[in-house]
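Asks: What follows is start.pdb; its format and atoms are PDB, C-alpha atoms, pLDDT in the B column.
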```pdb
ATOM      1  CA  MET A  12       2.069 -14.305 -34.182  1.00 36.00           C
ATOM      2  CA  ASN A  13       2.590 -16.015 -37.532  1.00 36.00           C
ATOM      3  CA  HIS A  14      -0.838 -16.825 -38.966  1.00 35.00           C
ATOM      4  CA  ALA A  15       0.711 -18.866 -41.796  1.00 36.00           C
ATOM      5  CA  ALA A  16       1.855 -21.415 -39.241  1.00 36.00           C
ATOM      6  CA  LEU A  17      -1.697 -21.958 -38.010  1.00 33.00           C
ATOM      7  CA  SER A  18      -4.178 -24.239 -39.681  1.00 34.00           C
ATOM      8  CA  SER A  19      -6.957 -22.369 -41.443  1.00 34.00           C
ATOM      9  CA  SER A  20      -9.596 -23.551 -38.961  1.00 35.00           C
ATOM     10  CA  THR A  21      -7.474 -22.469 -36.007  1.00 35.00           C
ATOM     11  CA  ALA A  22      -6.610 -19.138 -37.601  1.00 38.00           C
ATOM     12  CA  ASN A  23     -10.258 -18.353 -38.239  1.00 36.00           C
ATOM     13  CA  SER A  24     -11.628 -19.458 -34.876  1.00 37.00           C
ATOM     14  CA  GLN A  25      -9.031 -18.370 -32.324  1.00 45.00           C
ATOM     15  CA  VAL A  26      -7.055 -15.283 -31.474  1.00 45.00           C
ATOM     16  CA  SER A  27      -4.070 -15.638 -29.187  1.00 49.00           C
ATOM     17  CA  ASN A  28      -4.125 -13.962 -25.793  1.00 55.00           C
ATOM     18  CA  SER A  29      -1.141 -11.839 -26.747  1.00 57.00           C
ATOM     19  CA  GLU A  30      -2.878 -10.547 -29.879  1.00 61.00           C
ATOM     20  CA  ALA A  31      -6.089  -9.803 -27.977  1.00 59.00           C
ATOM     21  CA  THR A  32      -4.141  -8.058 -25.245  1.00 68.00           C
ATOM     22  CA  SER A  33      -2.102  -6.127 -27.782  1.00 75.00           C
ATOM     23  CA  THR A  34      -5.251  -4.982 -29.569  1.00 83.00           C
ATOM     24  CA  GLU A  35      -6.885  -3.986 -26.295  1.00 87.00           C
ATOM     25  CA  LEU A  36      -3.799  -2.027 -25.273  1.00 85.00           C
ATOM     26  CA  GLN A  37      -3.697  -0.250 -28.643  1.00 87.00           C
ATOM     27  CA  GLU A  38      -7.375   0.667 -28.338  1.00 90.00           C
ATOM     28  CA  LYS A  39      -6.859   1.928 -24.812  1.00 91.00           C
ATOM     29  CA  TRP A  40      -3.592   3.854 -25.212  1.00 90.00           C
ATOM     30  CA  GLY A  41      -3.272   4.446 -28.956  1.00 92.00           C
ATOM     31  CA  GLN A  42      -0.102   6.187 -30.102  1.00 91.00           C
ATOM     32  CA  ALA A  43       1.148   6.554 -26.534  1.00 92.00           C
ATOM     33  CA  LEU A  44       2.402   2.946 -26.886  1.00 90.00           C
ATOM     34  CA  ASP A  45       4.438   3.648 -30.017  1.00 89.00           C
ATOM     35  CA  ARG A  46       7.632   4.246 -28.030  1.00 89.00           C
ATOM     36  CA  GLY A  47       7.101   1.201 -25.839  1.00 88.00           C
ATOM     37  CA  PHE A  48       5.681   0.307 -22.471  1.00 88.00           C
ATOM     38  CA  VAL A  49       6.771  -1.360 -19.241  1.00 90.00           C
ATOM     39  CA  LEU A  50       5.179  -4.539 -17.952  1.00 90.00           C
ATOM     40  CA  ILE A  51       5.290  -4.764 -14.169  1.00 93.00           C
ATOM     41  CA  PRO A  52       3.580  -7.109 -11.728  1.00 93.00           C
ATOM     42  CA  ILE A  53       0.724  -5.396  -9.904  1.00 93.00           C
ATOM     43  CA  GLU A  54       2.230  -6.835  -6.690  1.00 93.00           C
ATOM     44  CA  LEU A  55       4.895  -4.134  -6.912  1.00 95.00           C
ATOM     45  CA  LEU A  56       2.276  -1.430  -6.521  1.00 94.00           C
ATOM     46  CA  ARG A  57       0.143  -3.330  -4.023  1.00 91.00           C
ATOM     47  CA  ARG A  58       3.157  -4.025  -1.826  1.00 92.00           C
ATOM     48  CA  GLN A  59       4.811  -0.595  -1.990  1.00 94.00           C
ATOM     49  CA  LYS A  60       4.222  -0.031   1.724  1.00 93.00           C
ATOM     50  CA  GLU A  61       5.413  -3.510   2.727  1.00 91.00           C
ATOM     51  CA  LEU A  62       8.534  -3.047   0.624  1.00 94.00           C
ATOM     52  CA  ALA A  63       9.037   0.309   2.388  1.00 95.00           C
ATOM     53  CA  LEU A  64       9.364   2.100  -0.940  1.00 97.00           C
ATOM     54  CA  ALA A  65       9.072   5.871  -0.790  1.00 97.00           C
ATOM     55  CA  ASP A  66       7.600   7.454  -3.898  1.00 97.00           C
ATOM     56  CA  ASN A  67      10.999   8.400  -5.337  1.00 97.00           C
ATOM     57  CA  ASP A  68      12.336   4.893  -4.658  1.00 98.00           C
ATOM     58  CA  LEU A  69       9.451   3.387  -6.607  1.00 98.00           C
ATOM     59  CA  VAL A  70       9.950   5.762  -9.534  1.00 98.00           C
ATOM     60  CA  VAL A  71      13.659   4.922  -9.679  1.00 98.00           C
ATOM     61  CA  LEU A  72      12.847   1.204  -9.565  1.00 98.00           C
ATOM     62  CA  LEU A  73      10.281   1.638 -12.362  1.00 97.00           C
ATOM     63  CA  ASN A  74      12.918   3.427 -14.430  1.00 97.00           C
ATOM     64  CA  LEU A  75      15.314   0.518 -13.932  1.00 98.00           C
ATOM     65  CA  LEU A  76      12.572  -1.903 -14.960  1.00 97.00           C
ATOM     66  CA  SER A  77      11.904   0.154 -18.092  1.00 96.00           C
ATOM     67  CA  HIS A  78      15.473  -0.607 -19.247  1.00 95.00           C
ATOM     68  CA  TRP A  79      15.335  -4.327 -18.420  1.00 96.00           C
ATOM     69  CA  TRP A  80      14.376  -5.903 -21.743  1.00 92.00           C
ATOM     70  CA  TYR A  81      15.884  -9.400 -21.436  1.00 92.00           C
ATOM     71  CA  SER A  82      16.047 -11.500 -18.275  1.00 90.00           C
ATOM     72  CA  ASP A  83      19.728 -12.336 -18.779  1.00 90.00           C
ATOM     73  CA  ASP A  84      20.839  -8.775 -19.628  1.00 92.00           C
ATOM     74  CA  LYS A  85      21.068  -6.451 -16.634  1.00 95.00           C
ATOM     75  CA  PRO A  86      20.037  -2.844 -17.367  1.00 95.00           C
ATOM     76  CA  TYR A  87      22.477   0.029 -17.018  1.00 94.00           C
ATOM     77  CA  PRO A  88      20.661   3.387 -17.291  1.00 96.00           C
ATOM     78  CA  ARG A  89      22.591   6.447 -16.197  1.00 95.00           C
ATOM     79  CA  THR A  90      21.540   8.116 -12.955  1.00 97.00           C
ATOM     80  CA  ALA A  91      21.516  11.435 -14.820  1.00 97.00           C
ATOM     81  CA  THR A  92      18.963  10.032 -17.285  1.00 97.00           C
ATOM     82  CA  ILE A  93      16.652   8.877 -14.499  1.00 98.00           C
ATOM     83  CA  ALA A  94      17.122  12.167 -12.641  1.00 98.00           C
ATOM     84  CA  ALA A  95      16.186  14.181 -15.741  1.00 98.00           C
ATOM     85  CA  ARG A  96      13.017  12.117 -16.211  1.00 97.00           C
ATOM     86  CA  MET A  97      12.038  12.603 -12.567  1.00 97.00           C
ATOM     87  CA  GLY A  98      12.944  16.273 -12.386  1.00 97.00           C
ATOM     88  CA  ALA A  99      15.291  15.420  -9.531  1.00 97.00           C
ATOM     89  CA  SER A 100      19.019  15.672  -8.936  1.00 97.00           C
ATOM     90  CA  PRO A 101      21.375  12.790  -9.761  1.00 97.00           C
ATOM     91  CA  ARG A 102      22.219  12.662  -6.044  1.00 98.00           C
ATOM     92  CA  THR A 103      18.534  12.014  -5.220  1.00 98.00           C
ATOM     93  CA  VAL A 104      18.566   9.068  -7.636  1.00 98.00           C
ATOM     94  CA  GLN A 105      21.810   7.796  -6.105  1.00 98.00           C
ATOM     95  CA  ARG A 106      20.255   7.910  -2.620  1.00 98.00           C
ATOM     96  CA  CYS A 107      17.239   5.965  -3.909  1.00 98.00           C
ATOM     97  CA  LEU A 108      19.547   3.379  -5.468  1.00 98.00           C
ATOM     98  CA  GLU A 109      21.394   3.046  -2.154  1.00 98.00           C
ATOM     99  CA  LYS A 110      18.077   2.438  -0.354  1.00 98.00           C
ATOM    100  CA  LEU A 111      16.947  -0.110  -2.951  1.00 98.00           C
ATOM    101  CA  GLU A 112      20.253  -1.920  -2.568  1.00 98.00           C
ATOM    102  CA  ALA A 113      20.038  -1.854   1.247  1.00 98.00           C
ATOM    103  CA  LYS A 114      16.580  -3.479   0.973  1.00 98.00           C
ATOM    104  CA  ASN A 115      18.074  -6.164  -1.321  1.00 97.00           C
ATOM    105  CA  LEU A 116      15.725  -5.198  -4.145  1.00 98.00           C
ATOM    106  CA  ILE A 117      18.638  -4.467  -6.478  1.00 98.00           C
ATOM    107  CA  ALA A 118      22.336  -5.202  -6.620  1.00 98.00           C
ATOM    108  CA  ARG A 119      24.810  -2.958  -8.391  1.00 97.00           C
ATOM    109  CA  VAL A 120      27.356  -4.747 -10.535  1.00 96.00           C
ATOM    110  CA  LYS A 121      30.247  -3.057 -12.322  1.00 94.00           C
ATOM    111  CA  GLY A 122      30.518  -4.142 -15.917  1.00 86.00           C
ATOM    112  CA  HIS A 123      31.805  -3.140 -19.325  1.00 87.00           C
ATOM    113  CA  VAL A 124      29.985  -2.319 -22.534  1.00 86.00           C
ATOM    114  CA  THR A 125      31.198  -1.179 -25.921  1.00 88.00           C
ATOM    115  CA  MET A 126      29.594   2.089 -26.949  1.00 85.00           C
ATOM    116  CA  LYS A 127      30.598   3.975 -30.067  1.00 88.00           C
ATOM    117  CA  GLY A 128      33.618   1.715 -30.465  1.00 91.00           C
ATOM    118  CA  LYS A 129      34.886   2.347 -26.929  1.00 92.00           C
ATOM    119  CA  ASN A 130      34.927  -0.044 -23.998  1.00 92.00           C
ATOM    120  CA  GLN A 131      33.233   1.755 -21.108  1.00 90.00           C
ATOM    121  CA  THR A 132      32.693   0.841 -17.464  1.00 92.00           C
ATOM    122  CA  VAL A 133      29.038   0.956 -16.445  1.00 93.00           C
ATOM    123  CA  THR A 134      26.998   0.076 -13.395  1.00 95.00           C
ATOM    124  CA  ARG A 135      24.507  -2.650 -14.185  1.00 96.00           C
ATOM    125  CA  TYR A 136      21.519  -3.308 -11.961  1.00 97.00           C
ATOM    126  CA  ASP A 137      20.583  -6.847 -10.988  1.00 97.00           C
ATOM    127  CA  LEU A 138      16.847  -6.850 -10.282  1.00 97.00           C
ATOM    128  CA  GLN A 139      16.561 -10.453  -9.078  1.00 97.00           C
ATOM    129  CA  GLY A 140      15.999  -9.267  -5.500  1.00 97.00           C
ATOM    130  CA  THR A 141      12.830  -7.491  -6.613  1.00 97.00           C
ATOM    131  CA  VAL A 142      11.738 -10.532  -8.639  1.00 96.00           C
ATOM    132  CA  THR A 143      12.291 -12.872  -5.696  1.00 95.00           C
ATOM    133  CA  ARG A 144      10.377 -10.651  -3.265  1.00 95.00           C
ATOM    134  CA  LEU A 145       7.431 -10.250  -5.630  1.00 94.00           C
ATOM    135  CA  LYS A 146       7.324 -13.987  -6.343  1.00 94.00           C
ATOM    136  CA  GLY A 147       7.128 -14.555  -2.587  1.00 91.00           C
ATOM    137  CA  TYR A 148       4.245 -12.115  -2.289  1.00 89.00           C
ATOM    138  CA  ALA A 149       2.455 -13.807  -5.176  1.00 86.00           C
ATOM    139  CA  LEU A 150       2.240 -16.954  -3.045  1.00 85.00           C
ATOM    140  CA  THR A 151       0.313 -15.069  -0.363  1.00 80.00           C
ATOM    141  CA  PRO A 152      -3.442 -15.674  -0.635  1.00 74.00           C
ATOM    142  CA  LEU A 153      -5.224 -12.724  -2.182  1.00 62.00           C
ATOM    143  CA  ALA A 154      -7.342 -12.210   0.926  1.00 55.00           C
ATOM    144  CA  LYS A 155      -4.179 -11.224   2.788  1.00 62.00           C
ATOM    145  CA  VAL A 156      -3.241  -8.531   0.278  1.00 59.00           C
ATOM    146  CA  PRO A 157      -3.793  -5.117   1.849  1.00 60.00           C
ATOM    147  CA  ALA A 158      -6.994  -3.599   0.509  1.00 60.00           C
ATOM    148  CA  ALA A 159      -7.696   0.049   0.007  1.00 60.00           C
ATOM    149  CA  ALA A 160      -8.247   1.952   3.227  1.00 62.00           C
ATOM    150  CA  PRO A 161     -11.905   2.019   4.265  1.00 62.00           C
ATOM    151  CA  ALA A 162     -13.714   5.246   3.514  1.00 62.00           C
ATOM    152  CA  ASN A 163     -13.618   7.715   6.383  1.00 61.00           C
ATOM    153  CA  PRO A 164     -17.076   9.265   6.849  1.00 59.00           C
ATOM    154  CA  ASN A 165     -15.437  12.210   8.616  1.00 58.00           C
ATOM    155  CA  TYR A 166     -13.309  13.128   5.615  1.00 53.00           C
ATOM    156  CA  LEU A 167     -15.078  16.077   4.047  1.00 52.00           C
ATOM    157  CA  ALA A 168     -13.985  18.494   1.329  1.00 50.00           C
ATOM    158  CA  GLY A 169     -10.367  17.394   1.478  1.00 52.00           C
ATOM    159  CA  MET A 170     -10.009  18.293   5.155  1.00 53.00           C
ATOM    160  CA  ARG A 171      -9.926  15.775   7.986  1.00 55.00           C
ATOM    161  CA  ARG A 172     -12.180  16.699  10.865  1.00 52.00           C
ATOM    162  CA  PRO A 173     -10.891  16.116  14.377  1.00 55.00           C
ATOM    163  CA  ALA A 174     -12.565  13.154  16.115  1.00 55.00           C
ATOM    164  CA  SER A 175     -14.350  15.576  18.474  1.00 57.00           C
ATOM    165  CA  ASP A 176     -16.061  17.200  15.463  1.00 55.00           C
ATOM    166  CA  ALA A 177     -17.109  13.869  13.983  1.00 53.00           C
ATOM    167  CA  ILE A 178     -20.567  13.897  12.532  1.00 53.00           C
ATOM    168  CA  SER A 179     -22.799  11.065  11.570  1.00 54.00           C
ATOM    169  CA  VAL A 180     -25.240  12.076   8.872  1.00 51.00           C
ATOM    170  CA  PRO A 181     -27.196   9.615   6.729  1.00 54.00           C
ATOM    171  CA  LEU A 182     -26.319  10.013   3.063  1.00 55.00           C
ATOM    172  CA  GLU A 183     -28.800   9.892   0.217  1.00 56.00           C
ATOM    173  CA  ILE A 184     -27.863   9.135  -3.367  1.00 54.00           C
ATOM    174  CA  MET A 185     -29.695  11.484  -5.705  1.00 52.00           C
ATOM    175  CA  PRO A 186     -30.961  10.385  -9.147  1.00 57.00           C
ATOM    176  CA  SER A 187     -28.192  12.482 -10.679  1.00 55.00           C
ATOM    177  CA  GLY A 188     -25.646  10.241  -8.938  1.00 54.00           C
ATOM    178  CA  ARG A 189     -24.791  13.033  -6.496  1.00 55.00           C
ATOM    179  CA  VAL A 190     -24.552  12.145  -2.825  1.00 51.00           C
ATOM    180  CA  GLU A 191     -26.214  14.501  -0.372  1.00 52.00           C
ATOM    181  CA  ALA A 192     -26.430  14.436   3.382  1.00 50.00           C
ATOM    182  CA  GLU A 193     -30.003  14.510   4.638  1.00 52.00           C
ATOM    183  CA  GLY A 194     -31.022  17.539   6.633  1.00 52.00           C
ATOM    184  CA  LEU A 195     -28.005  19.712   5.764  1.00 50.00           C
ATOM    185  CA  SER A 196     -28.140  22.823   3.623  1.00 52.00           C
ATOM    186  CA  ASP A 197     -25.992  23.011   0.493  1.00 53.00           C
ATOM    187  CA  GLU A 198     -23.606  25.348   2.321  1.00 52.00           C
ATOM    188  CA  ALA A 199     -23.207  22.950   5.260  1.00 50.00           C
ATOM    189  CA  GLN A 200     -22.506  20.061   2.883  1.00 49.00           C
ATOM    190  CA  ARG A 201     -19.666  21.986   1.226  1.00 50.00           C
ATOM    191  CA  LYS A 202     -17.843  22.498   4.547  1.00 51.00           C
TER     192      LYS A 202
END
```
Is it possible to express this structure as structure tokens?
Replies:
Amino acid sequence: MNHAALSSSTANSQVSNSEATSTELQEKWGQALDRGFVLIPIELLRRQKELALADNDLVVLLNLLSHWWYSDDKPYPRTATIAARMGASPRTVQRCLEKLEAKNLIARVKGHVTMKGKNQTVTRYDLQGTVTRLKGYALTPLAKVPAAAPANPNYLAGMRRPASDAISVPLEIMPSGRVEAEGLSDEAQRK
């Protein structure tokens, strides 16, 4: 933001949202932001299940988004680059791209770019399908957005108990912030 363009009273009394956000991000992440960051709508993460995106599909889509700097310039990262970042094979990335295309979240478009003085054929990725879907979800009232799954009282120590073993024990919050079940020994609580 160019402070010279602002009147002195405005410059002294207001800070733009982008500057405040930028400062907050710098305080939060520090030098980790020096190489850039990706801005994505939270709807993408909230709607992962509705979009039927497996974990690898989402990571591939996030990688495509990380290369999409201008709305009118379709990104063209190499599958090998994405695969190396993910620790996966290029074929795994290709399968994810095929699934994303089948779900109309991306479209692959052959194009040409000049790199190192040579005209090369590349595959560009049109992400308008993802944009359109997320815009549609944004119109859905927030109350209809899937919330986190309710806590399961029968989920103990990382192991799900069968319904037949379900227990119902009143919990007590200790002054230390620790939660303990009333009437159970320490050993029974750890199971």
Asks: Identify which of the residues A:Ser77, A:Leu150, A:Gly140, A:Leu145 lies closest to Ile53 (chain A), counting all atoms listed in the file when measuring atom-to-atom distances.
Replies: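 With all atoms listed in the file as the atom set, the closest residue is A:Leu145.
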Asks: Return as JSON lines the residues of region 27-110 of chain A lying at most 10 Å from region 129-134 of chain A, together with the closest atom-to-atom pair for each and the distance in Å to one decimal, counting all atoms listed in the file, with rows in chain order and ascending residue number.
Replies:
```
{"residue": "A:Lys85", "atom": "CA", "partner": "A:Thr134", "partner_atom": "CA", "distance": 9.4}
{"residue": "A:Pro86", "atom": "CA", "partner": "A:Thr134", "partner_atom": "CA", "distance": 8.5}
{"residue": "A:Tyr87", "atom": "CA", "partner": "A:Thr134", "partner_atom": "CA", "distance": 5.8}
{"residue": "A:Pro88", "atom": "CA", "partner": "A:Thr134", "partner_atom": "CA", "distance": 8.1}
{"residue": "A:Arg89", "atom": "CA", "partner": "A:Thr134", "partner_atom": "CA", "distance": 8.2}
{"residue": "A:Thr90", "atom": "CA", "partner": "A:Thr134", "partner_atom": "CA", "distance": 9.7}
```
Asks: Could you tell me which residues the PyMOL selection byres ((chain A and resi 105-116) around 12) returns for this structure, as number ranges by chain?
Replies: A: 55, 61-76, 88-94, 99-104, 117-120, 134-145
Asks: As an exercise, work out the distance from CA of Ser33 (chain A) to CA of Trp79 (chain A) in Å and give it to one decimal place.
Replies: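 We find that CA of Ser33 (chain A) and CA of Trp79 (chain A) lie 19.9 Å from each other.
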Asks: Just give me the gap between CA of Gly147 (chain A) and CA of Gly122 (chain A) in Å, one decimal is fine.
Replies: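 Computed distance, CA of Gly147 (chain A) to CA of Gly122 (chain A), equals 28.9 Å.
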Asks: How many Å lie between CA of Lys127 (chain A) and CA of Trp80 (chain A), rounded to one decimal?
Replies: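 If I compute the distance from CA of Lys127 (chain A) to CA of Trp80 (chain A), I get 20.7 Å.
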